[in-house]
>>> print(open('work_27.csv').read())   # CSV, C-alpha atoms
chain,number,residue,atom,x,y,z
A,851,MET,CA,-45.6,-62.7,-62.1
A,852,HIS,CA,-46.1,-60.5,-65.1
A,853,LEU,CA,-43.2,-59.5,-67.5
A,854,LEU,CA,-43.2,-57.1,-70.4
A,855,ILE,CA,-40.5,-57.5,-73.0
A,856,CYS,CA,-39.8,-54.4,-75.2
A,857,GLY,CA,-38.4,-55.6,-78.5
A,858,LEU,CA,-38.7,-59.0,-80.1
A,859,GLY,CA,-35.4,-59.3,-81.9
A,860,SER,CA,-33.0,-62.2,-81.2
A,861,ILE,CA,-32.1,-61.0,-77.7
A,862,GLY,CA,-35.7,-60.2,-76.8
A,863,ARG,CA,-36.7,-63.8,-77.8
A,864,ARG,CA,-33.8,-65.2,-75.7
A,865,HIS,CA,-35.0,-63.3,-72.7
A,866,LEU,CA,-38.5,-64.5,-73.3
A,867,ARG,CA,-37.4,-68.1,-73.4
A,868,HIS,CA,-35.3,-67.9,-70.2
A,869,PHE,CA,-37.9,-66.0,-68.1
A,870,ARG,CA,-40.6,-68.4,-69.2
A,871,ALA,CA,-38.4,-71.4,-68.2
A,872,LEU,CA,-37.8,-69.7,-64.8
A,873,GLY,CA,-41.5,-69.7,-64.1
A,874,VAL,CA,-42.7,-66.2,-65.1
A,875,THR,CA,-46.4,-66.9,-65.7
A,876,ARG,CA,-47.3,-64.0,-68.1
A,877,ILE,CA,-45.0,-62.5,-70.6
A,878,ASP,CA,-46.3,-59.8,-72.9
A,879,ALA,CA,-44.3,-58.0,-75.6
A,880,TYR,CA,-44.2,-54.4,-76.9
A,881,ARG,CA,-43.0,-54.3,-80.4
A,882,THR,CA,-43.0,-51.9,-83.3
A,883,GLY,CA,-42.8,-54.6,-86.0
A,884,ASN,CA,-39.4,-53.4,-87.2
A,885,ALA,CA,-37.5,-56.5,-86.1
A,886,THR,CA,-36.1,-58.6,-89.0
A,887,LEU,CA,-36.2,-61.9,-87.2
A,888,SER,CA,-39.0,-64.1,-88.4
A,889,ASP,CA,-41.6,-65.2,-85.8
A,890,ILE,CA,-41.6,-68.8,-87.2
A,891,ASP,CA,-40.3,-71.3,-84.6
A,892,GLN,CA,-39.7,-68.5,-82.1
A,893,PRO,CA,-41.0,-68.4,-78.5
A,894,GLU,CA,-44.3,-66.5,-78.4
A,895,PRO,CA,-45.4,-63.9,-75.9
A,896,ASP,CA,-48.9,-64.1,-74.3
A,897,GLN,CA,-50.0,-60.8,-75.7
A,898,VAL,CA,-48.5,-58.3,-78.1
A,899,PHE,CA,-48.9,-54.5,-77.9
A,900,ASN,CA,-47.8,-51.9,-80.5
A,901,ASP,CA,-48.1,-49.0,-78.0
A,902,LEU,CA,-45.9,-48.8,-74.9
A,903,ASP,CA,-48.4,-46.9,-72.8
A,904,GLN,CA,-51.0,-49.6,-73.4
A,905,ALA,CA,-48.6,-52.3,-72.5
A,906,LEU,CA,-47.6,-50.6,-69.3
A,907,ALA,CA,-51.3,-50.0,-68.5
A,908,GLU,CA,-51.5,-53.7,-68.0
A,909,ARG,CA,-49.3,-53.2,-64.9
A,910,PRO,CA,-46.4,-55.6,-65.5
A,911,GLU,CA,-44.1,-56.0,-62.5
A,912,LEU,CA,-41.0,-56.4,-64.6
A,913,VAL,CA,-39.9,-54.9,-67.9
A,914,VAL,CA,-37.0,-56.1,-70.2
A,915,VAL,CA,-35.8,-53.3,-72.5
A,916,ALA,CA,-34.4,-55.1,-75.6
A,917,ASN,CA,-35.1,-52.6,-78.3
A,918,PRO,CA,-32.3,-50.6,-80.2
A,919,THR,CA,-29.8,-48.9,-77.9
A,920,ALA,CA,-30.9,-45.4,-78.8
A,921,LEU,CA,-34.4,-46.2,-77.4
A,922,HIS,CA,-33.2,-47.7,-74.1
A,923,ILE,CA,-33.5,-44.6,-71.9
A,924,PRO,CA,-37.0,-43.4,-72.9
A,925,THR,CA,-38.3,-46.9,-72.7
A,926,ALA,CA,-36.7,-47.6,-69.3
A,927,LEU,CA,-37.9,-44.2,-67.9
A,928,ALA,CA,-41.4,-45.0,-68.9
A,929,ALA,CA,-41.2,-48.4,-67.2
A,930,VAL,CA,-39.6,-47.1,-64.0
A,931,ARG,CA,-42.2,-44.3,-63.8
A,932,ALA,CA,-44.9,-47.0,-64.1
A,933,GLY,CA,-43.4,-48.6,-61.0
A,934,CYS,CA,-41.7,-51.6,-62.8
A,935,HIS,CA,-38.4,-53.3,-62.1
A,936,VAL,CA,-36.3,-53.1,-65.2
A,937,LEU,CA,-33.6,-55.2,-66.9
A,938,VAL,CA,-32.0,-53.1,-69.7
A,939,GLU,CA,-30.0,-54.7,-72.4
A,940,LYS,CA,-26.4,-53.4,-72.7
A,941,PRO,CA,-25.3,-50.7,-73.3
A,942,LEU,CA,-27.5,-48.6,-71.1
A,943,SER,CA,-27.7,-46.0,-73.9
A,944,ASN,CA,-25.7,-44.4,-76.8
A,945,THR,CA,-25.6,-41.1,-75.0
A,946,LEU,CA,-25.3,-39.8,-71.4
A,947,SER,CA,-28.4,-37.7,-72.0
A,948,GLY,CA,-31.2,-38.9,-69.7
A,949,CYS,CA,-29.0,-41.3,-67.7
A,950,ALA,CA,-28.8,-39.2,-64.6
A,951,GLU,CA,-32.6,-38.7,-64.7
A,952,LEU,CA,-33.1,-42.4,-65.0
A,953,ALA,CA,-30.8,-43.1,-62.1
A,954,GLU,CA,-32.7,-40.6,-59.9
A,955,GLU,CA,-36.0,-42.0,-60.8
A,956,VAL,CA,-34.8,-45.5,-59.9
A,957,ARG,CA,-33.6,-44.3,-56.5
A,958,THR,CA,-36.8,-42.2,-55.9
A,959,ARG,CA,-39.2,-45.0,-56.7
A,960,GLY,CA,-37.2,-47.8,-55.0
A,961,VAL,CA,-37.3,-50.2,-58.0
A,962,VAL,CA,-34.5,-52.4,-59.2
A,963,LEU,CA,-32.9,-51.5,-62.5
A,964,SER,CA,-30.1,-53.8,-63.9
A,965,VAL,CA,-28.1,-53.6,-67.0
A,966,ALA,CA,-27.7,-56.9,-68.9
A,967,CYS,CA,-24.0,-57.8,-68.7
A,968,ASN,CA,-24.0,-61.6,-68.9
A,969,LEU,CA,-20.2,-62.0,-68.8
A,970,ARG,CA,-20.5,-61.5,-65.1
A,971,PHE,CA,-22.1,-65.0,-65.0
A,972,TYR,CA,-19.3,-66.8,-66.9
A,973,PRO,CA,-17.7,-69.2,-64.4
A,974,MET,CA,-14.0,-68.5,-65.2
A,975,LEU,CA,-14.5,-64.8,-65.0
A,976,CYS,CA,-16.3,-65.1,-61.6
A,977,MET,CA,-13.3,-66.9,-60.3
A,978,LEU,CA,-10.9,-64.3,-61.7
A,979,GLN,CA,-13.0,-61.4,-60.3
A,980,GLU,CA,-12.8,-63.0,-56.8
A,981,TRP,CA,-9.0,-63.3,-57.1
A,982,VAL,CA,-8.6,-59.7,-58.3
A,983,ARG,CA,-10.9,-58.1,-55.7
A,984,THR,CA,-10.2,-60.2,-52.6
A,985,GLY,CA,-6.8,-61.8,-53.2
A,986,GLY,CA,-5.9,-65.2,-54.7
A,987,PRO,CA,-3.0,-67.6,-55.3
A,988,LEU,CA,-1.2,-65.3,-57.7
A,989,GLY,CA,-0.8,-62.2,-55.5
A,990,GLU,CA,-1.7,-58.6,-56.3
A,991,PRO,CA,-3.4,-57.8,-59.6
A,992,ILE,CA,-1.4,-55.5,-62.0
A,993,SER,CA,-3.2,-55.4,-65.3
A,994,GLY,CA,-5.9,-56.8,-67.5
A,995,LEU,CA,-6.2,-57.3,-71.3
A,996,ALA,CA,-9.6,-58.0,-72.9
A,997,HIS,CA,-10.1,-58.6,-76.6
A,998,PHE,CA,-13.3,-59.4,-78.5
A,999,GLY,CA,-13.0,-59.6,-82.3
A,1000,THR,CA,-16.0,-60.8,-84.2
A,1001,TYR,CA,-17.5,-60.4,-87.7
A,1002,LEU,CA,-20.7,-58.4,-87.8
A,1003,PRO,CA,-22.0,-59.7,-91.2
A,1004,ASP,CA,-22.1,-63.2,-89.7
A,1005,TRP,CA,-24.3,-62.3,-86.7
A,1006,HIS,CA,-27.8,-62.3,-88.2
A,1007,PRO,CA,-27.8,-64.2,-91.4
A,1008,TRP,CA,-31.5,-63.3,-91.9
A,1009,GLU,CA,-30.8,-59.6,-92.4
A,1010,ASP,CA,-28.4,-57.2,-94.2
A,1011,PHE,CA,-25.9,-56.3,-91.5
A,1012,ARG,CA,-25.7,-52.7,-92.8
A,1013,THR,CA,-29.3,-52.1,-91.6
A,1014,SER,CA,-28.8,-53.7,-88.2
A,1015,TYR,CA,-28.6,-51.5,-85.0
A,1016,ALA,CA,-24.9,-52.4,-84.5
A,1017,ALA,CA,-24.0,-50.8,-87.9
A,1018,ARG,CA,-26.0,-47.7,-87.5
A,1019,ARG,CA,-24.8,-44.6,-85.6
A,1020,GLU,CA,-28.3,-43.2,-85.0
A,1021,LEU,CA,-29.3,-46.5,-83.3
A,1022,GLY,CA,-26.3,-46.7,-81.0
A,1023,GLY,CA,-24.1,-49.0,-83.0
A,1024,GLY,CA,-20.3,-49.4,-83.2
A,1025,ALA,CA,-17.8,-51.7,-81.6
A,1026,ALA,CA,-17.4,-49.8,-78.3
A,1027,LEU,CA,-21.1,-49.7,-77.5
A,1028,THR,CA,-22.1,-53.0,-79.0
A,1029,LEU,CA,-19.3,-54.9,-77.4
A,1030,VAL,CA,-19.4,-53.0,-74.1
A,1031,HIS,CA,-19.4,-56.3,-72.1
A,1032,GLU,CA,-15.6,-56.3,-72.0
A,1033,ILE,CA,-15.6,-52.7,-70.7
A,1034,ASP,CA,-18.0,-53.7,-67.9
A,1035,CYS,CA,-15.9,-56.8,-67.1
A,1036,MET,CA,-12.7,-54.8,-66.6
A,1037,LEU,CA,-14.6,-52.3,-64.3
A,1038,TRP,CA,-16.2,-55.1,-62.4
A,1039,MET,CA,-12.8,-56.8,-61.8
A,1040,PHE,CA,-10.5,-53.8,-61.2
A,1041,GLY,CA,-13.0,-51.2,-59.9
A,1042,PRO,CA,-13.9,-47.7,-61.0
A,1043,ALA,CA,-11.9,-45.9,-63.7
A,1044,GLU,CA,-9.6,-43.0,-62.7
A,1045,ARG,CA,-8.6,-42.2,-66.2
A,1046,PHE,CA,-9.5,-43.6,-69.6
A,1047,GLU,CA,-9.0,-43.0,-73.3
A,1048,GLY,CA,-10.5,-44.6,-76.4
A,1049,ILE,CA,-9.6,-44.4,-80.1
A,1050,ALA,CA,-11.3,-45.9,-83.1
A,1051,LEU,CA,-9.9,-47.7,-86.1
A,1052,GLY,CA,-9.0,-45.2,-88.8
A,1053,LYS,CA,-10.6,-47.1,-91.6
A,1054,HIS,CA,-14.0,-48.8,-92.4
A,1055,PRO,CA,-13.5,-52.3,-93.9
A,1056,LEU,CA,-17.2,-53.1,-93.4
A,1057,GLY,CA,-18.2,-49.8,-95.1
A,1058,VAL,CA,-20.5,-48.7,-92.2
A,1059,ASP,CA,-20.5,-45.3,-90.4
A,1060,VAL,CA,-19.6,-46.5,-86.9
A,1061,ASP,CA,-16.4,-47.4,-85.1
A,1062,GLU,CA,-15.8,-50.8,-86.6
A,1063,ALA,CA,-12.9,-51.5,-84.2
A,1064,CYS,CA,-11.4,-49.6,-81.2
A,1065,ALA,CA,-8.9,-49.7,-78.4
A,1066,ILE,CA,-9.4,-48.4,-74.8
A,1067,VAL,CA,-7.0,-47.9,-72.0
A,1068,ILE,CA,-8.2,-47.5,-68.4
A,1069,ARG,CA,-6.3,-46.7,-65.2
A,1070,HIS,CA,-8.4,-47.9,-62.3
A,1071,ARG,CA,-8.5,-46.1,-58.9
A,1072,GLY,CA,-6.6,-48.9,-57.3
A,1073,GLY,CA,-3.7,-48.3,-59.7
A,1074,ALA,CA,-4.1,-51.3,-62.1
A,1075,LEU,CA,-4.3,-50.8,-65.8
A,1076,SER,CA,-6.6,-52.5,-68.3
A,1077,THR,CA,-6.6,-52.5,-72.1
A,1078,ILE,CA,-9.6,-53.4,-74.2
A,1079,THR,CA,-9.6,-54.0,-77.9
A,1080,LEU,CA,-12.9,-54.6,-79.7
A,1081,SER,CA,-13.7,-55.3,-83.4
A,1082,LEU,CA,-16.8,-55.9,-85.5
A,1083,ALA,CA,-14.6,-56.7,-88.5
A,1084,GLN,CA,-12.4,-59.6,-87.5
A,1085,LYS,CA,-12.3,-63.2,-88.9
A,1086,PRO,CA,-11.8,-65.6,-87.3
A,1087,ALA,CA,-13.5,-64.6,-84.1
A,1088,ARG,CA,-11.5,-64.4,-80.8
A,1089,ARG,CA,-12.6,-63.5,-77.3
A,1090,THR,CA,-10.0,-63.6,-74.5
A,1091,ILE,CA,-9.3,-62.1,-71.1
A,1092,GLU,CA,-5.9,-62.1,-69.6
A,1093,ILE,CA,-5.1,-60.9,-66.0
A,1094,THR,CA,-1.6,-60.4,-64.8
A,1095,PHE,CA,-0.7,-60.6,-61.1
A,1096,THR,CA,2.6,-60.2,-59.2
A,1097,GLY,CA,2.8,-64.0,-59.1
A,1098,GLY,CA,1.8,-65.0,-62.6
A,1099,MET,CA,-1.0,-64.6,-65.1
A,1100,VAL,CA,-4.3,-66.2,-66.2
A,1101,THR,CA,-5.6,-66.4,-69.7
A,1102,CYS,CA,-9.2,-67.2,-70.4
A,1103,ASP,CA,-10.5,-68.1,-73.9
A,1104,LEU,CA,-14.2,-67.4,-73.7
A,1105,LEU,CA,-14.9,-69.1,-77.1
A,1106,THR,CA,-13.3,-72.5,-76.3
A,1107,GLY,CA,-14.0,-72.4,-72.5
A,1108,ARG,CA,-10.3,-73.1,-71.6
A,1109,TRP,CA,-8.1,-71.3,-69.2
A,1110,ILE,CA,-4.3,-71.4,-68.5
A,1111,ILE,CA,-2.6,-70.2,-65.3
A,1112,ARG,CA,1.1,-69.4,-65.8
A,1113,TYR,CA,2.9,-69.1,-62.5
A,1114,ALA,CA,6.0,-66.8,-62.1
A,1115,ASP,CA,8.2,-69.9,-61.6
A,1116,GLY,CA,7.2,-71.2,-65.1
A,1117,GLN,CA,4.7,-73.8,-64.0
A,1118,LEU,CA,1.4,-74.2,-65.9
A,1119,SER,CA,-2.1,-75.2,-64.8
A,1120,GLU,CA,-4.9,-75.7,-67.3
A,1121,GLY,CA,-8.6,-76.2,-67.0
A,1122,GLY,CA,-12.0,-75.5,-68.5
A,1123,LEU,CA,-15.7,-74.9,-68.0
A,1124,PRO,CA,-17.8,-77.2,-65.8
A,1125,GLU,CA,-19.2,-80.2,-67.7
A,1126,GLY,CA,-22.4,-79.4,-69.5
A,1127,PHE,CA,-21.9,-75.6,-69.4
A,1128,ASP,CA,-23.1,-73.6,-72.4
A,1129,PHE,CA,-22.7,-69.9,-73.0
A,1130,ASP,CA,-26.5,-69.5,-73.1
A,1131,HIS,CA,-26.4,-70.4,-69.4
A,1132,THR,CA,-25.0,-67.0,-68.7
A,1133,TYR,CA,-28.3,-65.4,-69.9
A,1134,ARG,CA,-30.3,-67.9,-67.9
A,1135,ASP,CA,-28.3,-67.1,-64.7
A,1136,GLN,CA,-28.5,-63.4,-65.4
A,1137,ALA,CA,-32.4,-63.7,-65.5
A,1138,ALA,CA,-32.4,-65.7,-62.3
A,1139,ALA,CA,-30.2,-63.1,-60.6
A,1140,PHE,CA,-32.6,-60.4,-61.7
A,1141,LEU,CA,-35.5,-62.2,-60.2
A,1142,LEU,CA,-33.6,-62.6,-56.9
A,1143,ALA,CA,-32.7,-58.9,-56.9
A,1144,ILE,CA,-36.3,-57.8,-57.1
A,1145,ARG,CA,-37.1,-60.0,-54.2
A,1146,ARG,CA,-34.2,-58.3,-52.4
A,1147,GLU,CA,-32.5,-61.7,-51.9
A,1148,ASP,CA,-29.3,-61.1,-53.9
A,1149,PRO,CA,-27.7,-57.9,-55.2
A,1150,ALA,CA,-25.5,-59.6,-57.8
A,1151,THR,CA,-26.8,-57.5,-60.7
A,1152,VAL,CA,-25.3,-54.6,-62.7
A,1153,SER,CA,-26.7,-51.3,-61.2
A,1154,VAL,CA,-27.7,-48.2,-63.2
A,1155,ASP,CA,-24.6,-46.4,-61.9
A,1156,GLU,CA,-22.4,-49.2,-63.1
A,1157,GLY,CA,-24.1,-49.1,-66.5
A,1158,ILE,CA,-23.4,-45.4,-66.7
A,1159,ALA,CA,-19.8,-45.9,-65.8
A,1160,ALA,CA,-19.3,-48.4,-68.6
A,1161,LEU,CA,-21.1,-46.1,-71.0
A,1162,LYS,CA,-18.8,-43.2,-70.2
A,1163,VAL,CA,-15.8,-45.3,-71.1
A,1164,ALA,CA,-17.4,-46.6,-74.3
A,1165,LEU,CA,-18.2,-43.0,-75.3
A,1166,SER,CA,-14.6,-42.0,-74.9
A,1167,VAL,CA,-13.8,-43.7,-78.3
A,1168,LYS,CA,-13.0,-41.1,-80.8
A,1169,GLU,CA,-12.8,-41.6,-84.6
>>> encode(input="work_27.csv", output="structure tokens")
Amino acid sequence: MHLLICGLGSIGRRHLRHFRALGVTRIDAYRTGNATLSDIDQPEPDQVFNDLDQALAERPELVVVANPTALHIPTALAAVRAGCHVLVEKPLSNTLSGCAELAEEVRTRGVVLSVACNLRFYPMLCMLQEWVRTGGPLGEPISGLAHFGTYLPDWHPWEDFRTSYAARRELGGGAALTLVHEIDCMLWMFGPAERFEGIALGKHPLGVDVDEACAIVIRHRGGALSTITLSLAQKPARRTIEITFTGGMVTCDLLTGRWIIRYADGQLSEGGLPEGFDFDHTYRDQAAAFLLAIRREDPATVSVDEGIAALKVALSVKE
């Protein structure tokens, strides 16, 4: 099997490592040379191209799009038109322009396109999603609350955060787009949005020209509400998801791996991740699911339409 990775920043290297471990025999890379991550001690591709057309002319079967967000759609379109299955890093884009065209090309050519939302492979959230969508011990779902607060300057110590894609509007940065995982998670659990509204923090503690923090409220078609708060300017970091049911609530701490069930009668139940589980495993399992999807063995991937739905919600954030 032949894979092409577009972009060799930290996430591109992570994809390279996992697909290599899963047995992909040839992994090439298309790169512009603008990545700030050093190549020293990093997994190496088999061949490197500086021209996308030349890389696609090698006829890869799979393409991973891991370049800056603003380049996702043109890169994915080129790959789909070359007949490749495509895994696009989140978010699908920083604009809706080109998204409908991409979706139509995917349908017309019969390829698989998946958006990389690895929270869907986090064990506690898989359990919760099952309870919300099919029923569980706590009754009917009422609402969800997702929060992810992190500190952008700490993400990539090897670069000035102000030049990173997450801090630059023209590359698709900002809290709502960069941290879109939580948006996708609420849509995955509660279903499509009926109404939604987003608002950005009215100040810029990091001094960059993007939404550094935001809040989003969604009313889902089934009637449930979800609230999402996201920040690139928070220390210490916190990442939690809380789901309220008619018979109690579940709180998951994604950083510690612990969960607490609070029953309506006051009883508590606590637990944690399976022994040996590491957050990096979500990326591994996502890659494995993508390989299954292209073999038509398992549909458990995030479709282009789901990627567009999450993008629409993220783009509702107004400064």
>>> atom_distance(input="work_27.csv", atom1="CA of Phe1095 in chain A", atom2="CA of Ile992 in chain A")
5.2 Å
>>> residues_around(input="work_27.csv", residues="Asn900 in chain A", least_positions_apart="6", cutoff="9 Å", atoms="all atoms listed in the file", output="MDAnalysis selection string")
chainID A and resid 879:883
>>> write_last_selection(input="work_27.csv", atoms="C-alpha atoms", output="PDB file, keeping the file's coordinate frame")
ATOM      1  CA  ALA A 879     -44.300 -58.000 -75.600  1.00  0.00           C
ATOM      2  CA  TYR A 880     -44.200 -54.400 -76.900  1.00  0.00           C
ATOM      3  CA  ARG A 881     -43.000 -54.300 -80.400  1.00  0.00           C
ATOM      4  CA  THR A 882     -43.000 -51.900 -83.300  1.00  0.00           C
ATOM      5  CA  GLY A 883     -42.800 -54.600 -86.000  1.00  0.00           C
TER       6      GLY A 883
END
>>> residues_around(input="work_27.csv", residues="Val913 in chain A", least_positions_apart="5", cutoff="12 Å", atoms="all atoms listed in the file", output="count of residues only")
46
>>> closest_residue(input="work_27.csv", among="A:Ala966, A:Val1058, A:Val1154, A:Met1039", to="Gln1136 in chain A", atoms="only C-alpha atoms")
A:Ala966
>>> residues_around(input="work_27.csv", residues="range 1112-1127 of chain A", least_positions_apart="2", cutoff="12 Å", atoms="all atoms listed in the file", output="number ranges by chain")
A: 971-977, 987-989, 1092-1110, 1129-1132, 1134-1135
>>> residues_around(input="work_27.csv", residues="Arg1069 in chain A", least_positions_apart="4", cutoff="6 Å", atoms="all atoms listed in the file", output="compact mmCIF listing (two decimals) with C-alpha atoms, keeping the file's coordinate frame")
# COMPACT_ATOMS: atom_id res chain seq x y z
CA ALA A 1043 -11.90 -45.90 -63.70
CA GLU A 1044 -9.60 -43.00 -62.70
CA ARG A 1045 -8.60 -42.20 -66.20
CA ALA A 1074 -4.10 -51.30 -62.10
CA LEU A 1075 -4.30 -50.80 -65.80
>>> closest_residue(input="work_27.csv", among="A:Leu858, A:Leu1029, A:Ala1150, A:Ala1083", to="Lys1053 in chain A", atoms="all atoms listed in the file")
A:Ala1083
>>> closest_residue(input="work_27.csv", among="A:Gln979, A:Gln904, A:Asn968, A:Ser1014", to="Ala1138 in chain A", atoms="all atoms listed in the file")
A:Asn968
>>> closest_residue(input="work_27.csv", among="A:Val982, A:Leu1082, A:Glu954, A:Gly994", to="Ala1017 in chain A", atoms="all atoms listed in the file")
A:Leu1082
>>> atom_distance(input="work_27.csv", atom1="CA of Lys1085 in chain A", atom2="CA of Ser993 in chain A")
26.5 Å
>>> atom_distance(input="work_27.csv", atom1="CA of Gly1157 in chain A", atom2="CA of Gly999 in chain A")
22.0 Å
>>> residues_near_point(input="work_27.csv", point="(-13.9, -55.6, -65.3)", cutoff="10 Å", atoms="all atoms listed in the file", output="ChimeraX atom specification")
/A:969-970,975,978-979,982,994-996,1031-1042,1070,1076,1091,1160
>>> closest_residue(input="work_27.csv", among="A:Ala871, A:Val1030, A:Leu1080, A:Ala953", to="Leu1161 in chain A", atoms="only C-alpha atoms")
A:Val1030
>>> closest_residue(input="work_27.csv", among="A:Glu1009, A:Asp901, A:Glu1020, A:Asp1004", to="Leu1056 in chain A", atoms="all atoms listed in the file")
A:Asp1004
